[in-house]
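structure-v4.tsv follows; it contains TSV, C-alpha atoms.
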```
chain	number	residue	atom	x	y	z
Y	285	PRO	CA	-21.36	37.31	92.79
Y	286	GLY	CA	-18.63	34.69	92.87
Y	287	THR	CA	-18.62	34.51	96.66
Y	288	MET	CA	-21.40	34.85	99.24
Y	289	MET	CA	-21.13	35.02	103.03
Y	290	PHE	CA	-24.06	34.15	105.29
Y	291	ALA	CA	-24.01	35.32	108.93
Y	292	CYS	CA	-26.53	34.13	111.52
Y	293	LEU	CA	-27.63	36.81	113.98
Y	294	THR	CA	-30.81	35.07	115.13
Y	295	ALA	CA	-31.41	31.35	114.64
Y	296	PRO	CA	-35.05	30.24	114.18
Y	297	ALA	CA	-36.75	27.97	116.70
Y	298	SER	CA	-36.87	25.26	114.05
Y	299	GLY	CA	-36.11	24.87	110.34
Y	300	GLY	CA	-34.68	27.73	108.32
Y	301	VAL	CA	-31.63	25.83	107.15
Y	302	THR	CA	-29.62	27.23	104.26
Y	303	GLY	CA	-29.12	24.02	102.32
Y	304	VAL	CA	-26.15	23.74	99.94
Y	305	ALA	CA	-25.50	21.41	97.01
Y	306	ASP	CA	-22.41	20.98	94.85
Y	307	ALA	CA	-23.35	22.06	91.32
Y	308	SER	CA	-20.93	19.68	89.61
Y	309	THR	CA	-22.22	16.71	91.60
Y	310	VAL	CA	-25.81	17.66	90.77
Y	311	LEU	CA	-24.90	17.91	87.08
Y	312	GLU	CA	-23.33	14.45	87.07
Y	313	ALA	CA	-26.38	12.94	88.77
Y	314	LEU	CA	-28.91	14.32	86.25
Y	315	PRO	CA	-30.07	12.24	83.25
Y	316	ALA	CA	-27.54	12.69	80.45
Y	317	ALA	CA	-30.16	13.38	77.77
Y	318	LEU	CA	-31.76	16.13	79.86
Y	319	VAL	CA	-28.40	17.79	80.50
Y	320	GLU	CA	-27.47	17.57	76.82
Y	321	ARG	CA	-30.65	19.34	75.74
Y	322	PHE	CA	-30.33	22.14	78.26
Y	323	GLU	CA	-26.63	22.50	77.53
Y	324	ARG	CA	-27.37	22.78	73.81
Y	325	GLU	CA	-30.48	24.98	73.99
Y	326	GLY	CA	-30.08	26.85	77.26
Y	327	TRP	CA	-33.25	27.89	79.10
Y	328	LEU	CA	-35.78	30.71	79.02
Y	329	LEU	CA	-36.97	32.70	82.02
Y	330	THR	CA	-40.24	34.60	81.58
Y	331	ARG	CA	-41.53	37.14	84.10
Y	332	SER	CA	-44.83	39.06	84.27
Y	333	TYR	CA	-45.10	42.14	86.46
Y	334	ASN	CA	-48.37	43.78	87.44
Y	335	ASP	CA	-49.91	45.57	90.43
Y	336	GLU	CA	-52.09	42.64	91.48
Y	337	ILE	CA	-49.70	39.81	92.33
Y	338	GLY	CA	-46.01	39.69	93.16
Y	339	ALA	CA	-43.68	42.63	92.65
Y	340	SER	CA	-44.63	45.40	90.25
Y	341	TRP	CA	-42.08	46.28	87.59
Y	342	ALA	CA	-41.27	49.49	89.46
Y	343	GLU	CA	-40.49	47.51	92.62
Y	344	ALA	CA	-38.51	44.87	90.74
Y	345	PHE	CA	-36.35	47.34	88.82
Y	346	GLY	CA	-36.18	50.01	91.53
Y	347	THR	CA	-37.50	52.80	89.32
Y	348	GLU	CA	-40.72	54.16	87.83
Y	349	ASP	CA	-38.87	55.39	84.75
Y	350	ARG	CA	-39.76	53.17	81.80
Y	351	THR	CA	-36.76	54.41	79.85
Y	352	ALA	CA	-34.42	53.31	82.64
Y	353	VAL	CA	-36.05	49.86	82.65
Y	354	GLU	CA	-35.67	49.59	78.88
Y	355	GLU	CA	-32.01	50.61	79.08
Y	356	TYR	CA	-31.33	48.03	81.80
Y	357	CYS	CA	-33.02	45.26	79.84
Y	358	ARG	CA	-31.20	46.18	76.66
Y	359	ALA	CA	-27.84	46.16	78.47
Y	360	ASN	CA	-28.58	42.73	79.98
Y	361	ALA	CA	-30.08	41.01	76.93
Y	362	ILE	CA	-33.61	40.92	78.35
Y	363	GLU	CA	-36.52	41.15	75.92
Y	364	LEU	CA	-39.40	43.24	77.26
Y	365	ASP	CA	-42.97	43.92	76.23
Y	366	TRP	CA	-45.11	46.62	77.87
Y	367	GLN	CA	-48.70	45.52	78.37
Y	368	SER	CA	-51.82	47.58	77.65
Y	369	ASP	CA	-52.77	47.50	81.34
Y	370	GLY	CA	-49.43	49.02	82.37
Y	371	GLY	CA	-47.78	45.72	83.25
Y	372	LEU	CA	-44.54	44.35	81.88
Y	373	ARG	CA	-43.43	40.97	80.53
Y	374	THR	CA	-39.80	39.99	80.10
Y	375	ARG	CA	-37.94	37.03	78.61
Y	376	GLN	CA	-34.29	36.12	78.86
Y	377	HIS	CA	-32.26	33.30	77.33
Y	378	ARG	CA	-29.46	31.89	79.49
Y	379	SER	CA	-27.08	28.93	79.75
Y	380	ALA	CA	-28.06	26.06	82.02
Y	381	VAL	CA	-24.50	24.75	82.34
Y	382	VAL	CA	-21.40	26.89	82.90
Y	383	ARG	CA	-17.76	26.24	83.73
Y	384	HIS	CA	-16.24	27.40	87.00
Y	385	PRO	CA	-13.97	30.38	86.15
Y	386	VAL	CA	-11.09	29.01	88.28
Y	387	THR	CA	-11.33	25.21	88.20
Y	388	GLY	CA	-13.04	24.81	84.82
Y	389	ALA	CA	-15.48	22.30	86.34
Y	390	ARG	CA	-18.87	22.06	84.60
Y	391	CYS	CA	-21.65	23.27	86.90
Y	392	TRP	CA	-25.44	23.01	86.76
Y	393	PHE	CA	-26.06	26.75	87.19
Y	394	ASN	CA	-29.66	27.89	86.73
Y	395	GLN	CA	-33.09	28.29	88.33
Y	396	ILE	CA	-35.03	26.09	85.94
Y	397	ALA	CA	-36.77	24.16	88.71
Y	398	PHE	CA	-37.15	26.95	91.28
Y	399	LEU	CA	-38.87	29.42	88.94
Y	400	ASN	CA	-40.99	26.91	87.04
Y	401	GLU	CA	-44.81	26.90	87.15
Y	402	TRP	CA	-44.80	23.38	88.63
Y	403	THR	CA	-43.24	24.70	91.85
Y	404	LEU	CA	-46.54	26.46	92.59
Y	405	ALA	CA	-49.22	24.73	94.63
Y	406	PRO	CA	-51.68	23.10	92.16
Y	407	GLU	CA	-54.62	25.28	93.17
Y	408	VAL	CA	-52.51	28.44	92.91
Y	409	ARG	CA	-51.17	27.46	89.50
Y	410	GLU	CA	-54.65	26.67	88.18
Y	411	TYR	CA	-56.07	29.94	89.51
Y	412	LEU	CA	-53.26	32.06	88.03
Y	413	ILE	CA	-53.55	30.40	84.62
Y	414	ASP	CA	-57.32	30.91	84.69
Y	415	VAL	CA	-56.95	34.63	85.52
Y	416	TYR	CA	-53.80	35.61	83.65
Y	417	GLY	CA	-53.27	32.84	81.09
Y	418	GLU	CA	-50.17	30.68	80.70
Y	419	ASP	CA	-48.14	33.58	79.33
Y	420	GLY	CA	-49.13	35.81	82.25
Y	421	LEU	CA	-47.78	33.75	85.14
Y	422	PRO	CA	-45.56	35.77	87.52
Y	423	PHE	CA	-42.63	33.55	86.50
Y	424	ASN	CA	-41.97	30.46	84.46
Y	425	THR	CA	-39.11	28.60	82.79
Y	426	ARG	CA	-38.90	26.79	79.46
Y	427	TYR	CA	-36.41	24.99	77.30
Y	428	GLY	CA	-34.25	27.28	75.23
Y	429	ASN	CA	-36.37	26.72	72.12
Y	430	GLY	CA	-39.54	27.75	73.99
Y	431	ASP	CA	-40.95	24.28	74.70
Y	432	PRO	CA	-42.61	23.85	78.12
Y	433	VAL	CA	-40.65	22.13	80.89
Y	434	GLY	CA	-42.85	19.31	82.12
Y	435	GLU	CA	-43.78	18.53	85.70
Y	436	ASP	CA	-41.76	15.31	85.48
Y	437	VAL	CA	-38.60	17.24	84.61
Y	438	VAL	CA	-39.07	19.63	87.53
Y	439	GLN	CA	-39.64	16.65	89.83
Y	440	THR	CA	-36.44	15.00	88.58
Y	441	LEU	CA	-34.42	18.17	89.12
Y	442	ASN	CA	-35.77	18.62	92.64
Y	443	GLU	CA	-35.15	14.99	93.53
Y	444	VAL	CA	-31.52	15.25	92.44
Y	445	TYR	CA	-31.06	18.48	94.40
Y	446	GLU	CA	-32.61	16.85	97.46
Y	447	ALA	CA	-30.34	13.82	97.23
Y	448	HIS	CA	-27.22	16.00	97.16
Y	449	THR	CA	-28.11	18.77	99.62
Y	450	ALA	CA	-26.20	19.18	102.88
Y	451	ARG	CA	-27.96	20.79	105.84
Y	452	GLU	CA	-26.65	22.22	109.10
Y	453	PRO	CA	-28.99	24.04	111.53
Y	454	TRP	CA	-28.02	27.66	112.14
Y	455	GLN	CA	-26.58	28.75	115.48
Y	456	PRO	CA	-26.17	32.42	116.47
Y	457	GLY	CA	-22.74	33.63	115.36
Y	458	ASP	CA	-22.35	31.07	112.57
Y	459	LEU	CA	-20.67	32.18	109.35
Y	460	MET	CA	-20.83	30.32	106.05
Y	461	LEU	CA	-18.80	31.12	102.93
Y	462	VAL	CA	-20.23	29.88	99.64
Y	463	ASP	CA	-18.63	29.60	96.23
Y	464	ASN	CA	-21.66	30.90	94.36
Y	465	ILE	CA	-20.76	29.33	91.00
Y	466	ARG	CA	-20.00	25.90	92.39
Y	467	THR	CA	-22.70	25.79	95.06
Y	468	ALA	CA	-26.49	25.95	94.84
Y	469	HIS	CA	-28.14	27.20	98.02
Y	470	SER	CA	-31.66	27.32	99.43
Y	471	ARG	CA	-33.72	28.57	102.35
Y	472	GLU	CA	-36.06	26.14	104.06
Y	473	PRO	CA	-39.28	26.97	105.97
Y	474	TYR	CA	-38.89	27.94	109.62
Y	475	ASP	CA	-40.68	28.85	112.85
Y	476	GLY	CA	-39.81	31.79	115.05
Y	477	PRO	CA	-37.63	34.85	114.35
Y	478	ARG	CA	-34.79	34.32	111.87
Y	479	GLU	CA	-32.14	36.86	110.90
Y	480	ILE	CA	-29.46	35.84	108.42
Y	481	LEU	CA	-27.34	38.53	106.79
Y	482	VAL	CA	-25.93	37.92	103.31
Y	483	GLY	CA	-22.91	39.62	101.78
Y	484	MET	CA	-22.01	39.27	98.09
Y	485	ALA	CA	-18.55	39.82	96.62
Y	486	GLU	CA	-16.16	39.05	93.76
Y	487	PRO	CA	-18.50	39.57	90.79
Y	488	VAL	CA	-17.87	37.11	87.96
Y	489	PRO	CA	-18.67	38.06	84.34
Y	490	LEU	CA	-20.75	35.40	82.62
Y	491	ALA	CA	-18.24	35.42	79.76
Y	492	ASP	CA	-15.64	34.00	82.19
Y	493	CYS	CA	-17.85	30.93	82.75
Y	494	SER	CA	-17.90	29.56	79.18
Y	495	PRO	CA	-21.66	29.96	78.56
Y	496	THR	CA	-23.06	27.38	76.16
Y	497	VAL	CA	-25.55	29.78	74.56
Y	498	GLU	CA	-25.08	33.34	73.40
Y	499	VAL	CA	-26.50	35.90	75.82
Y	500	ARG	CA	-28.64	38.08	73.58
Y	501	ALA	CA	-32.09	39.56	73.33
Y	502	LEU	CA	-34.51	37.12	71.70
```

Structure encoded using structure tokens:
Amino acid sequence: PGTMMFACLTAPASGGVTGVADASTVLEALPAALVERFEREGWLLTRSYNDEIGASWAEAFGTEDRTAVEEYCRANAIELDWQSDGGLRTRQHRSAVVRHPVTGARCWFNQIAFLNEWTLAPEVREYLIDVYGEDGLPFNTRYGNGDPVGEDVVQTLNEVYEAHTAREPWQPGDLMLVDNIRTAHSREPYDGPREILVGMAEPVPLADCSPTVEVRAL
């Protein structure tokens, strides 16, 4: 979606802010060498689906038909591997930096930090690796060539996001329009009931955003 609209029906007692950060500003603030590598290599997202933790593949893809899942993955350049226990692992190679389809501005557009193993609590990460192995984590991100993304890199990314995030507490009736290519957004912890509706519109083909790596199955 190129545009997202957030509408607050019920504001939480505390917290629950939808933080926003300008993707071009974040890109400019990141270490140049780190940006250059991700721009050149792209990034990998790996997912593991099973019935024990997180969403099962049927829940994630909205179907129990393996053929339908395979067709979806093939159409979206997602590599998949069915596991002997009935689970599923997927990998996809994507650009870390894109250009805004209207302004042409370079944007840091990815979920490298959010979906990385180092975002997990240490005890959770250690337990999951012990049970499922490093390749069996529910999600993880890597450099485009398959190298691990270190904890220090994730920390740097999160620190830059934090330094450039704007926050405004929700009030009932608030509306917020977000340029989804230009703007990263988050949801922070909260107390009490919280109801925020989200509408998505104006789909943007990736090809219109000058991807730096070819979108293809690995």

Tell me which protein, DNA and RNA residues are within 9 Å of Y:Gly326, counting only C-alpha atoms, leaving out same-chain ones fewer than 6 positions away, and put them as a CSV table (one decimal) with C-alpha atoms, keeping the file's coordinate frame.
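Result file is selection-v7.csv:
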```
chain,number,residue,atom,x,y,z
Y,377,HIS,CA,-32.3,33.3,77.3
Y,378,ARG,CA,-29.5,31.9,79.5
Y,379,SER,CA,-27.1,28.9,79.8
Y,380,ALA,CA,-28.1,26.1,82.0
Y,381,VAL,CA,-24.5,24.8,82.3
Y,427,TYR,CA,-36.4,25.0,77.3
Y,428,GLY,CA,-34.2,27.3,75.2
Y,429,ASN,CA,-36.4,26.7,72.1
Y,496,THR,CA,-23.1,27.4,76.2
Y,497,VAL,CA,-25.6,29.8,74.6
```

Report task. Quick one: residues within 12 Å of (-13.7, 27.4, 85.1) (file frame), counting all atoms listed in the file, please, as a ChimeraX atom specification. Result -> /Y:286,308,381-391,465-466,488-495

Can you write just those residues out, C-alpha atoms, as a tab-separated table (two decimals), in the coordinates of the input?
```tsv
chain	number	residue	atom	x	y	z
Y	286	GLY	CA	-18.63	34.69	92.87
Y	308	SER	CA	-20.93	19.68	89.61
Y	381	VAL	CA	-24.50	24.75	82.34
Y	382	VAL	CA	-21.40	26.89	82.90
Y	383	ARG	CA	-17.76	26.24	83.73
Y	384	HIS	CA	-16.24	27.40	87.00
Y	385	PRO	CA	-13.97	30.38	86.15
Y	386	VAL	CA	-11.09	29.01	88.28
Y	387	THR	CA	-11.33	25.21	88.20
Y	388	GLY	CA	-13.04	24.81	84.82
Y	389	ALA	CA	-15.48	22.30	86.34
Y	390	ARG	CA	-18.87	22.06	84.60
Y	391	CYS	CA	-21.65	23.27	86.90
Y	465	ILE	CA	-20.76	29.33	91.00
Y	466	ARG	CA	-20.00	25.90	92.39
Y	488	VAL	CA	-17.87	37.11	87.96
Y	489	PRO	CA	-18.67	38.06	84.34
Y	490	LEU	CA	-20.75	35.40	82.62
Y	491	ALA	CA	-18.24	35.42	79.76
Y	492	ASP	CA	-15.64	34.00	82.19
Y	493	CYS	CA	-17.85	30.93	82.75
Y	494	SER	CA	-17.90	29.56	79.18
Y	495	PRO	CA	-21.66	29.96	78.56
```

Query raised in the report: Once you count only C-alpha atoms, which residues end up no further than 7 Å from (-26.6, 34.3, 108.7) in the file's frame, shown as JSON, numbers by chain?
Result: {"Y": [290, 291, 292, 293, 458, 459, 479, 480, 481, 482]}

**Report entry** Residues near stretch 398-403 of chain Y, cut-off 8 Å, all atoms listed in the file, skip fewer than 4 positions along chain, as JSON, numbers by chain
**Finding:** {"Y": [329, 409, 421, 423, 424, 425, 426, 433, 434, 435, 438]}

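For the pair atom CA of Y:Thr351 and atom CA of Y:Thr330, the separation is 20.2 Å.
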
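Minimum atom-to-atom distances from Y:Ile337, Y:Leu328, Y:Val462, Y:Ala359 to Y:Ala307 were compared using only C-alpha atoms, and the lowest value belongs to Y:Val462.
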
Would you place a box with edges along x, y and z of the file around all atoms of stretch 409-423 of chain Y listed there, add 4 Å to each of its six sides, and report the centre and edge lengths in Å to one decimal, as lines of an AutoDock Vina configuration file?
```
center_x = -50.0
center_y = 31.2
center_z = 84.4
size_x = 22.7
size_y = 17.1
size_z = 18.2
```

Query raised in the report: Rounded to one decimal in Å, what is the spacing between atom CA of Y:Glu446 and atom CA of Y:Ser332?
Result: 28.6 Å

Query - For Y:Ala297, the nearest of the candidates Y:Arg321, Y:Arg373, Y:Arg478, Y:His469, counting all atoms listed in the file - result: Y:Arg478

Query raised in the report: Do you have the atom CA of Y:Tyr333-atom CA of Y:Pro422 distance handy?
Result: 6.5 Å

**Report entry** Of the listed residues Y:Gln439, Y:Cys357, Y:Arg375, Y:Val444, that which approaches Y:Asp419 most closely, counting only C-alpha atoms
**Finding:** Y:Arg375

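Every protein, DNA or RNA residue with an atom at most 12 Å from Y:Pro315, where only C-alpha atoms count and chain neighbours fewer than 3 positions away do not, is listed here: Val310, Leu311, Glu312, Leu318, Val319, Glu320, Arg321, Phe322, Val437, Thr440, Leu441, Glu443 and Val444 of chain Y.
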
Requested in this report: Counting only C-alpha atoms, figure out which residue out of Y:Leu404, Y:Asp369, Y:Gly417, Y:Pro432 gets nearest to Y:Asp335.
Outcome: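 Closest to Y:Asp335, using only C-alpha atoms: Y:Asp369.
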